[in-house]
Amino acid sequence: MKDKPFKVACLSGAGISQESGVATFRGAGGLWEGHKVEDVATPQAFEKDPVFVWRFYEERRRQGKNCKPNKAHIGIAKLQEKLGVENLSIATQNVDGLHQKAGAKNVLELHGSLWKVRCLKCFKERESYEEFKTLPPKCECGGILRPSVVWFYEPLPYDILEEAFLKAKESDLYLVIGTSGVVEPAASLPKVAKSNGAKVWEINPDETTITPICDKSWRSKAGDAIDEVVNEILKIREGIE
Ligand code: OAD
C-alpha cells in the first residue's frame with residue numbers, strides 16, 4: 001500500500017463535448033460556428049462591435065442550454081465521486097459547463113464560462129443564464145458586461161491556471177480527452193505532468209501534439225472509450241492502495 005493516494009488529473013477540450021452536439025474549434029475549415037475567431041473571440045472584436053460579439057455568444061448560450069452531458073462527462077464525474085475530489089482534478093478548456101452539469105466538482109475552467117459575465121467598469125463577475133433583452137447588456141453600475149470567457153490574446157485566469165499546473169505536477173496519471181493540444185498554456189499541462197513522473201493517457205479519434213508523450217492512447221470518441229479507461233484507472237488504484 002502506498003503512503004499517498006493515487007492521484008489523477010484530467011484535461012478536456014472541445015472533443016469531449018462533440019457527442020453532446022457542441023462544435024469543436026478546428027473541425028469545420030478553420031471556422032468556429034461559421035465565424036473567423038478574430039471576428040468573435042478577441043477583445044478587439046468586442047471593442048469594435050460589442051453587439052455583434054454578444055449576438056454570437058447569446059447564440060452559443062441558447063444552444064448550450066439544450067446540450068446535455070454525454071457518457072464521457074458522466075464517466076469522469078462518477079470517477080471523481082469514487083476517487084474523491086482531492087484525487088481527481090478536472091481542468092477544461094471548454095466554456096460549456098457540461099462537466100458540472102454531469103456532477104463534477106471543482107472544475108478548473110481555464111478559458112472561462114459561457115454562464116458567467118463580468119463588468120468592464122466595476123470588474124464584478126457573476127453567474128448568468130438569462131437571455132438579455134438589450135445588447136450589450138449592462139451591469140447595475142452602468143458598465144458594459146462582457147462574456148467571462150478568455151478570448152484570443154488574453155491571459156488565462158491566474159489562480160485557476162496555477163491550480164491546474166499544481167494538480168498536473170502532483171498527478172500519477174494525467175488523462176487528456178478531446179483536445180488538439182495546439183493552444184497554450186493548456187497544452188503544456190500533460191507535458192508538465194509527464195516530466196514530474198505521471199503516466200499520460202489520451203482519448204482522441206486523431207493523433208495530436210500530445211500523442212508523442214502518451215503512454216497509452218485510445219483512438220476513439222470519448223463516449224466510446226470512457227468505460228474502459230475508467231475501469232483501467234480503478235484497477236490501477238486497487239492494485240496500489
Ligand atoms: P480543437 O477543436 O482544437 O480540438 C478538438 C479535438 O477533439 C481534436 O483533436 C479532435 O480530434 C477531438 N475530437 C473530436 N471529436 C471527439 C470525440 N467525440 N471524442 C474525443 N475527441 C474528439 O479544440 P480544443 O483542443 O479544445 O480557446 O481547442 C483549444 C482551444 O482552442 C479552445 O478552448 C479555444 C480554441 O481556440 C479559446 O477560445 C481561448
# chains A, B, ... in the order shown; residues from 1 in each chain; ligands from 1
>>> residues_near_ligand(ligand="ligand 1", cutoff="6 Å", atoms="only C-alpha atoms and all ligand atoms", output="mmCIF file with C-alpha atoms, in the first residue's frame")
data_model
loop_
_atom_site.group_PDB
_atom_site.id
_atom_site.type_symbol
_atom_site.label_atom_id
_atom_site.label_comp_id
_atom_site.auth_asym_id
_atom_site.auth_seq_id
_atom_site.Cartn_x
_atom_site.Cartn_y
_atom_site.Cartn_z
ATOM 1 C CA GLY A 13 -11.090 20.058 -24.791
ATOM 2 C CA ALA A 14 -13.883 20.598 -27.277
ATOM 3 C CA GLY A 15 -13.803 16.931 -28.361
ATOM 4 C CA ILE A 16 -15.324 15.720 -25.088
ATOM 5 C CA GLN A 18 -18.659 16.807 -29.511
ATOM 6 C CA GLU A 19 -21.053 13.959 -28.693
ATOM 7 C CA THR A 24 -15.145 21.722 -31.970
ATOM 8 C CA PHE A 25 -12.863 24.606 -32.929
ATOM 9 C CA ARG A 26 -10.648 23.121 -35.578
ATOM 10 C CA GLY A 27 -13.212 20.970 -37.330
ATOM 11 C CA GLN A 93 -10.683 24.422 -21.986
ATOM 12 C CA ASN A 94 -14.421 24.261 -22.597
ATOM 13 C CA HIS A 111 -10.961 29.547 -20.665
ATOM 14 C CA VAL A 150 -10.931 34.011 -22.354
ATOM 15 C CA TRP A 151 -10.523 35.473 -25.829
ATOM 16 C CA PHE A 152 -7.511 35.225 -28.076
ATOM 17 C CA ILE A 177 -9.626 13.948 -23.559
ATOM 18 C CA GLY A 178 -10.645 15.586 -26.819
ATOM 19 C CA THR A 179 -8.117 18.342 -27.263
ATOM 20 C CA SER A 180 -5.898 19.029 -30.266
ATOM 21 C CA GLY A 181 -3.262 20.334 -27.845
ATOM 22 C CA VAL A 183 -3.366 26.085 -27.624
ATOM 23 C CA ILE A 203 -8.651 9.687 -25.728
ATOM 24 C CA ASN A 204 -8.973 11.188 -29.182
ATOM 25 C CA PRO A 205 -10.032 9.786 -32.561
ATOM 26 C CA ASP A 206 -6.990 11.543 -34.094
ATOM 27 C CA THR A 208 -2.493 15.144 -31.509
ATOM 28 C CA LYS A 221 -14.625 9.008 -29.403
ATOM 29 C CA ALA A 222 -14.622 9.926 -25.725
#
>>> select_by_dssp(residues="range 44-113 of chain A", states="alpha helix (DSSP H)", output="CSV table (one decimal) with N, CA and C atoms, in the first residue's frame")
chain,number,residue,atom,x,y,z
A,44,GLN,N,-10.4,42.9,-29.4
A,44,GLN,CA,-10.6,43.9,-30.5
A,44,GLN,C,-11.9,43.8,-31.1
A,45,ALA,N,-12.4,42.6,-31.3
A,45,ALA,CA,-13.7,42.4,-32.0
A,45,ALA,C,-14.8,43.0,-31.1
A,46,PHE,N,-14.7,42.8,-29.7
A,46,PHE,CA,-15.7,43.3,-28.8
A,46,PHE,C,-15.7,44.8,-28.7
A,47,GLU,N,-14.5,45.4,-28.8
A,47,GLU,CA,-14.4,46.8,-28.8
A,47,GLU,C,-15.0,47.4,-30.0
A,48,LYS,N,-14.8,46.8,-31.2
A,48,LYS,CA,-15.3,47.3,-32.4
A,48,LYS,C,-16.8,47.1,-32.5
A,50,PRO,N,-19.5,45.4,-30.0
A,50,PRO,CA,-20.0,44.5,-28.9
A,50,PRO,C,-21.3,43.8,-29.2
A,51,VAL,N,-22.2,44.4,-29.9
A,51,VAL,CA,-23.5,43.8,-30.2
A,51,VAL,C,-23.3,42.6,-31.0
A,52,PHE,N,-22.5,42.7,-32.1
A,52,PHE,CA,-22.2,41.5,-32.9
A,52,PHE,C,-21.6,40.4,-32.1
A,53,VAL,N,-20.6,40.7,-31.3
A,53,VAL,CA,-20.0,39.6,-30.5
A,53,VAL,C,-21.0,39.0,-29.5
A,54,TRP,N,-21.8,39.9,-28.9
A,54,TRP,CA,-22.8,39.4,-27.9
A,54,TRP,C,-23.8,38.5,-28.6
A,55,ARG,N,-24.2,38.9,-29.9
A,55,ARG,CA,-25.2,38.1,-30.6
A,55,ARG,C,-24.7,36.7,-30.7
A,56,PHE,N,-23.4,36.6,-31.1
A,56,PHE,CA,-22.7,35.3,-31.3
A,56,PHE,C,-22.7,34.5,-29.9
A,57,TYR,N,-22.4,35.2,-28.8
A,57,TYR,CA,-22.4,34.5,-27.5
A,57,TYR,C,-23.8,34.1,-27.1
A,58,GLU,N,-24.8,35.0,-27.4
A,58,GLU,CA,-26.1,34.6,-27.0
A,58,GLU,C,-26.6,33.4,-27.7
A,59,GLU,N,-26.2,33.2,-29.0
A,59,GLU,CA,-26.5,32.0,-29.7
A,59,GLU,C,-25.8,30.8,-29.1
A,60,ARG,N,-24.5,31.0,-28.7
A,60,ARG,CA,-23.8,29.8,-28.1
A,60,ARG,C,-24.6,29.5,-26.8
A,61,ARG,N,-25.0,30.5,-26.0
A,61,ARG,CA,-25.7,30.2,-24.8
A,61,ARG,C,-27.0,29.5,-25.0
A,62,ARG,N,-27.8,30.0,-26.0
A,62,ARG,CA,-29.1,29.3,-26.4
A,62,ARG,C,-28.8,27.9,-26.7
A,63,GLN,N,-27.8,27.6,-27.6
A,63,GLN,CA,-27.5,26.2,-27.9
A,63,GLN,C,-27.1,25.4,-26.7
A,64,GLY,N,-26.2,26.1,-25.9
A,64,GLY,CA,-25.6,25.4,-24.7
A,64,GLY,C,-26.7,24.9,-23.7
A,65,LYS,N,-27.7,25.7,-23.6
A,65,LYS,CA,-28.8,25.4,-22.6
A,65,LYS,C,-29.4,24.0,-23.0
A,71,LYS,N,-21.8,10.5,-22.2
A,71,LYS,CA,-21.2,9.4,-21.4
A,71,LYS,C,-19.8,9.8,-20.8
A,72,ALA,N,-19.0,10.6,-21.6
A,72,ALA,CA,-17.7,10.9,-21.1
A,72,ALA,C,-17.7,11.8,-19.9
A,73,HIS,N,-18.5,12.9,-20.0
A,73,HIS,CA,-18.6,13.8,-18.9
A,73,HIS,C,-19.1,13.1,-17.6
A,74,ILE,N,-20.1,12.2,-17.9
A,74,ILE,CA,-20.7,11.5,-16.7
A,74,ILE,C,-19.7,10.5,-16.1
A,75,GLY,N,-19.0,9.8,-17.0
A,75,GLY,CA,-18.0,8.8,-16.6
A,75,GLY,C,-16.9,9.5,-15.7
A,76,ILE,N,-16.5,10.7,-16.1
A,76,ILE,CA,-15.4,11.4,-15.3
A,76,ILE,C,-16.0,11.9,-14.0
A,77,ALA,N,-17.2,12.4,-14.0
A,77,ALA,CA,-17.8,12.9,-12.8
A,77,ALA,C,-18.0,11.7,-11.8
A,78,LYS,N,-18.4,10.5,-12.3
A,78,LYS,CA,-18.6,9.4,-11.4
A,78,LYS,C,-17.3,8.9,-10.9
A,79,LEU,N,-16.3,8.9,-11.7
A,79,LEU,CA,-14.9,8.5,-11.2
A,79,LEU,C,-14.5,9.5,-10.1
A,80,GLN,N,-14.8,10.8,-10.3
A,80,GLN,CA,-14.3,11.8,-9.3
A,80,GLN,C,-15.0,11.5,-8.0
A,81,GLU,N,-16.3,11.1,-8.1
A,81,GLU,CA,-17.0,10.8,-6.9
A,81,GLU,C,-16.4,9.6,-6.2
A,82,LYS,N,-16.0,8.6,-7.0
A,82,LYS,CA,-15.4,7.4,-6.4
A,82,LYS,C,-14.0,7.7,-5.7
A,83,LEU,N,-13.2,8.4,-6.5
A,83,LEU,CA,-11.8,8.7,-6.0
A,83,LEU,C,-11.7,9.8,-5.0
A,98,LEU,N,-20.5,21.6,-19.2
A,98,LEU,CA,-21.1,20.3,-19.2
A,98,LEU,C,-20.5,19.3,-18.2
A,99,HIS,N,-19.2,19.5,-17.8
A,99,HIS,CA,-18.6,18.7,-16.7
A,99,HIS,C,-19.5,18.9,-15.4
A,100,GLN,N,-19.8,20.2,-15.1
A,100,GLN,CA,-20.5,20.5,-13.9
A,100,GLN,C,-21.9,19.9,-14.0
A,101,LYS,N,-22.5,20.1,-15.2
A,101,LYS,CA,-23.9,19.5,-15.4
A,101,LYS,C,-23.9,18.0,-15.1
>>> residues_around(residues="Thr211 in chain A", least_positions_apart="5", cutoff="9 Å", atoms="only C-alpha atoms", output="list in words")
Trp201, Glu202, Lys216 and Ser217 of chain A
>>> residues_around(residues="Cys214 in chain A", least_positions_apart="5", cutoff="12 Å", atoms="only C-alpha atoms", output="list of chain:residue names")
A:Leu173, A:Tyr174, A:Leu175, A:Val176, A:Ile177, A:Pro190, A:Lys191, A:Ala193, A:Lys194, A:Ser195, A:Ala198, A:Lys199, A:Val200, A:Trp201, A:Glu202, A:Ile203, A:Asn204, A:Glu207, A:Thr208, A:Thr209
>>> residues_around(residues="Ser20 in chain A", least_positions_apart="3", cutoff="8 Å", atoms="only C-alpha atoms", output="PDB file with N, CA and C atoms, in the first residue's frame")
ATOM      1  N   SER A  17     -17.052  17.320 -25.702  1.00  0.00           N
ATOM      2  CA  SER A  17     -18.444  17.784 -25.823  1.00  0.00           C
ATOM      3  C   SER A  17     -19.018  17.560 -27.222  1.00  0.00           C
ATOM      4  N   CYS A  67     -27.855  21.544 -24.458  1.00  0.00           N
ATOM      5  CA  CYS A  67     -26.885  20.440 -24.512  1.00  0.00           C
ATOM      6  C   CYS A  67     -26.848  19.684 -23.199  1.00  0.00           C
ATOM      7  N   LYS A  68     -26.763  18.377 -23.349  1.00  0.00           N
ATOM      8  CA  LYS A  68     -26.702  17.525 -22.145  1.00  0.00           C
ATOM      9  C   LYS A  68     -25.326  16.892 -22.064  1.00  0.00           C
ATOM     10  N   PRO A  69     -24.857  16.656 -20.840  1.00  0.00           N
ATOM     11  CA  PRO A  69     -23.576  15.948 -20.717  1.00  0.00           C
ATOM     12  C   PRO A  69     -23.687  14.561 -21.348  1.00  0.00           C
ATOM     13  N   ASN A  70     -22.599  14.091 -21.921  1.00  0.00           N
ATOM     14  CA  ASN A  70     -22.621  12.749 -22.539  1.00  0.00           C
ATOM     15  C   ASN A  70     -21.908  11.730 -21.635  1.00  0.00           C
TER      16      ASN A  70
END
>>> atom_distance(atom1="CA of Pro155 in chain A", atom2="CA of Lys138 in chain A")
23.6 Å
>>> atom_distance(atom1="CA of Pro5 in chain A", atom2="CA of Asn87 in chain A")
7.2 Å
>>> closest_residue(among="A:His35, A:Arg118, A:Lys167, A:Arg126", to="Gly143 in chain A", atoms="only C-alpha atoms")
A:Arg118
>>> atom_distance(atom1="CA of Lys7 in chain A", atom2="CA of Val229 in chain A")
14.8 Å
>>> closest_residue(among="A:Leu189, A:Gly84, A:Glu162, A:Thr42", to="Cys10 in chain A", atoms="only C-alpha atoms")
A:Leu189
>>> residues_around(residues="Thr92 in chain A", least_positions_apart="4", cutoff="7 Å", atoms="only C-alpha atoms", output="ChimeraX atom specification")
/A:11-13,108-110
>>> write_last_selection(atoms="all heavy atoms", output="PDB file, in the first residue's frame")
ATOM      1  N   LEU A  11      -7.433  16.702 -18.417  1.00  0.00           N
ATOM      2  CA  LEU A  11      -7.596  17.926 -19.225  1.00  0.00           C
ATOM      3  C   LEU A  11      -8.556  17.606 -20.354  1.00  0.00           C
ATOM      4  O   LEU A  11      -8.339  16.645 -21.099  1.00  0.00           O
ATOM      5  CB  LEU A  11      -6.256  18.374 -19.821  1.00  0.00           C
ATOM      6  CG  LEU A  11      -6.341  19.496 -20.862  1.00  0.00           C
ATOM      7  CD1 LEU A  11      -6.760  20.818 -20.214  1.00  0.00           C
ATOM      8  CD2 LEU A  11      -5.019  19.682 -21.596  1.00  0.00           C
ATOM      9  N   SER A  12      -9.618  18.389 -20.468  1.00  0.00           N
ATOM     10  CA  SER A  12     -10.540  18.150 -21.583  1.00  0.00           C
ATOM     11  C   SER A  12     -10.553  19.340 -22.529  1.00  0.00           C
ATOM     12  O   SER A  12     -10.247  20.465 -22.153  1.00  0.00           O
ATOM     13  CB  SER A  12     -11.948  17.852 -21.071  1.00  0.00           C
ATOM     14  OG  SER A  12     -12.511  18.990 -20.465  1.00  0.00           O
ATOM     15  N   GLY A  13     -10.919  19.019 -23.774  1.00  0.00           N
ATOM     16  CA  GLY A  13     -11.090  20.058 -24.791  1.00  0.00           C
ATOM     17  C   GLY A  13     -12.408  19.845 -25.509  1.00  0.00           C
ATOM     18  O   GLY A  13     -13.218  18.979 -25.116  1.00  0.00           O
ATOM     19  N   LEU A 108     -11.781  23.228 -13.119  1.00  0.00           N
ATOM     20  CA  LEU A 108     -10.920  24.388 -13.382  1.00  0.00           C
ATOM     21  C   LEU A 108     -11.175  24.852 -14.813  1.00  0.00           C
ATOM     22  O   LEU A 108     -10.714  24.232 -15.777  1.00  0.00           O
ATOM     23  CB  LEU A 108      -9.449  23.998 -13.181  1.00  0.00           C
ATOM     24  CG  LEU A 108      -9.106  23.519 -11.773  1.00  0.00           C
ATOM     25  CD1 LEU A 108      -7.717  22.883 -11.735  1.00  0.00           C
ATOM     26  CD2 LEU A 108      -9.207  24.671 -10.771  1.00  0.00           C
ATOM     27  N   GLU A 109     -11.935  25.924 -14.941  1.00  0.00           N
ATOM     28  CA  GLU A 109     -12.325  26.405 -16.275  1.00  0.00           C
ATOM     29  C   GLU A 109     -11.251  27.358 -16.786  1.00  0.00           C
ATOM     30  O   GLU A 109     -11.265  28.559 -16.512  1.00  0.00           O
ATOM     31  CB  GLU A 109     -13.696  27.082 -16.199  1.00  0.00           C
ATOM     32  CG  GLU A 109     -14.800  26.099 -15.836  1.00  0.00           C
ATOM     33  CD  GLU A 109     -16.189  26.711 -15.869  1.00  0.00           C
ATOM     34  OE1 GLU A 109     -16.414  27.696 -15.128  1.00  0.00           O
ATOM     35  OE2 GLU A 109     -17.050  26.206 -16.613  1.00  0.00           O
ATOM     36  N   LEU A 110     -10.320  26.791 -17.533  1.00  0.00           N
ATOM     37  CA  LEU A 110      -9.148  27.570 -17.962  1.00  0.00           C
ATOM     38  C   LEU A 110      -9.517  28.720 -18.890  1.00  0.00           C
ATOM     39  O   LEU A 110      -8.848  29.746 -18.911  1.00  0.00           O
ATOM     40  CB  LEU A 110      -8.152  26.651 -18.689  1.00  0.00           C
ATOM     41  CG  LEU A 110      -7.616  25.473 -17.879  1.00  0.00           C
ATOM     42  CD1 LEU A 110      -6.892  24.490 -18.795  1.00  0.00           C
ATOM     43  CD2 LEU A 110      -6.666  25.969 -16.789  1.00  0.00           C
TER      44      LEU A 110
END
>>> closest_residue(among="A:Pro136, A:Gly142, A:Gly21, A:Gly197", to="Asp49 in chain A", atoms="only C-alpha atoms")
A:Pro136
>>> decode(residues="range 48-158 of chain A", atoms="C-alpha atoms", output="short mmCIF file (atom, residue, chain, number, x, y, z; two decimals), in the first residue's frame")
data_model
loop_
_atom_site.label_atom_id
_atom_site.label_comp_id
_atom_site.auth_asym_id
_atom_site.auth_seq_id
_atom_site.Cartn_x
_atom_site.Cartn_y
_atom_site.Cartn_z
CA LYS A 48 -15.28 47.27 -32.43
CA ASP A 49 -18.75 45.74 -32.29
CA PRO A 50 -19.96 44.50 -28.89
CA VAL A 51 -23.48 43.84 -30.18
CA PHE A 52 -22.21 41.52 -32.93
CA VAL A 53 -19.99 39.61 -30.50
CA TRP A 54 -22.81 39.41 -27.93
CA ARG A 55 -25.22 38.06 -30.57
CA PHE A 56 -22.71 35.30 -31.26
CA TYR A 57 -22.39 34.46 -27.55
CA GLU A 58 -26.14 34.63 -26.99
CA GLU A 59 -26.49 32.03 -29.73
CA ARG A 60 -23.82 29.84 -28.06
CA ARG A 61 -25.71 30.23 -24.75
CA ARG A 62 -29.05 29.34 -26.36
CA GLN A 63 -27.51 26.21 -27.93
CA GLY A 64 -25.63 25.39 -24.72
CA LYS A 65 -28.78 25.37 -22.64
CA ASN A 66 -30.09 22.47 -24.72
CA CYS A 67 -26.88 20.44 -24.51
CA LYS A 68 -26.70 17.53 -22.15
CA PRO A 69 -23.58 15.95 -20.72
CA ASN A 70 -22.62 12.75 -22.54
CA LYS A 71 -21.18 9.41 -21.38
CA ALA A 72 -17.68 10.87 -21.11
CA HIS A 73 -18.65 13.82 -18.86
CA ILE A 74 -20.73 11.48 -16.73
CA GLY A 75 -17.99 8.82 -16.56
CA ILE A 76 -15.43 11.36 -15.35
CA ALA A 77 -17.84 12.85 -12.80
CA LYS A 78 -18.63 9.38 -11.40
CA LEU A 79 -14.94 8.52 -11.24
CA GLN A 80 -14.35 11.75 -9.33
CA GLU A 81 -17.05 10.76 -6.87
CA LYS A 82 -15.35 7.37 -6.36
CA LEU A 83 -11.79 8.67 -6.02
CA GLY A 84 -12.70 11.86 -4.16
CA VAL A 85 -12.46 15.41 -5.44
CA GLU A 86 -8.98 15.79 -3.95
CA ASN A 87 -7.77 12.80 -6.01
CA LEU A 88 -9.33 13.61 -9.36
CA SER A 89 -8.94 17.12 -10.64
CA ILE A 90 -10.55 18.29 -13.86
CA ALA A 91 -9.22 21.16 -15.97
CA THR A 92 -11.15 22.07 -19.07
CA GLN A 93 -10.68 24.42 -21.99
CA ASN A 94 -14.42 24.26 -22.60
CA VAL A 95 -16.79 27.04 -21.62
CA ASP A 96 -19.97 24.95 -21.89
CA GLY A 97 -20.28 23.87 -18.23
CA LEU A 98 -21.07 20.27 -19.20
CA HIS A 99 -18.62 18.71 -16.71
CA GLN A 100 -20.51 20.49 -13.92
CA LYS A 101 -23.91 19.52 -15.39
CA ALA A 102 -22.69 15.91 -15.14
CA GLY A 103 -21.96 16.43 -11.44
CA ALA A 104 -18.21 17.12 -11.50
CA LYS A 105 -16.86 19.35 -8.74
CA ASN A 106 -14.12 21.99 -8.59
CA VAL A 107 -13.80 22.13 -12.38
CA LEU A 108 -10.92 24.39 -13.38
CA GLU A 109 -12.32 26.40 -16.27
CA LEU A 110 -9.15 27.57 -17.96
CA HIS A 111 -10.96 29.55 -20.67
CA GLY A 112 -13.81 30.89 -18.55
CA SER A 113 -17.50 30.11 -18.79
CA LEU A 114 -20.43 30.86 -21.08
CA TRP A 115 -22.51 31.07 -17.90
CA LYS A 116 -20.64 33.97 -16.34
CA VAL A 117 -20.44 37.65 -17.27
CA ARG A 118 -18.25 40.43 -15.95
CA CYS A 119 -18.40 44.19 -15.96
CA LEU A 120 -15.82 46.24 -17.83
CA LYS A 121 -16.26 49.12 -15.34
CA CYS A 122 -16.51 47.59 -11.84
CA PHE A 123 -14.94 44.21 -12.85
CA LYS A 124 -17.55 42.25 -10.86
CA GLU A 125 -18.20 38.77 -12.18
CA ARG A 126 -21.49 36.95 -11.75
CA GLU A 127 -23.30 33.86 -12.94
CA SER A 128 -25.73 34.50 -15.76
CA TYR A 129 -28.20 32.19 -17.50
CA GLU A 130 -30.72 34.77 -18.67
CA GLU A 131 -31.42 35.86 -22.23
CA PHE A 132 -30.54 39.53 -22.42
CA LYS A 133 -33.23 41.83 -23.84
CA THR A 134 -30.81 44.54 -24.97
CA LEU A 135 -27.28 44.07 -26.18
CA PRO A 136 -24.70 44.72 -24.97
CA PRO A 137 -26.11 44.02 -21.50
CA LYS A 138 -25.30 46.45 -18.71
CA CYS A 139 -24.15 45.95 -15.15
CA GLU A 140 -26.11 47.54 -12.29
CA CYS A 141 -23.19 50.04 -12.04
CA GLY A 142 -23.91 51.13 -15.63
CA GLY A 143 -20.84 49.48 -17.16
CA ILE A 144 -20.93 47.17 -20.16
CA LEU A 145 -20.99 43.44 -19.41
CA ARG A 146 -18.90 41.01 -21.40
CA PRO A 147 -18.93 37.22 -21.52
CA SER A 148 -16.49 35.95 -18.90
CA VAL A 149 -14.58 33.80 -21.37
CA VAL A 150 -10.93 34.01 -22.35
CA TRP A 151 -10.52 35.47 -25.83
CA PHE A 152 -7.51 35.22 -28.08
CA TYR A 153 -4.65 37.49 -26.98
CA GLU A 154 -5.96 37.47 -23.39
CA PRO A 155 -4.26 35.86 -20.41
CA LEU A 156 -5.87 32.94 -18.60
CA PRO A 157 -7.19 33.44 -15.04
CA TYR A 158 -4.01 33.18 -12.99
#
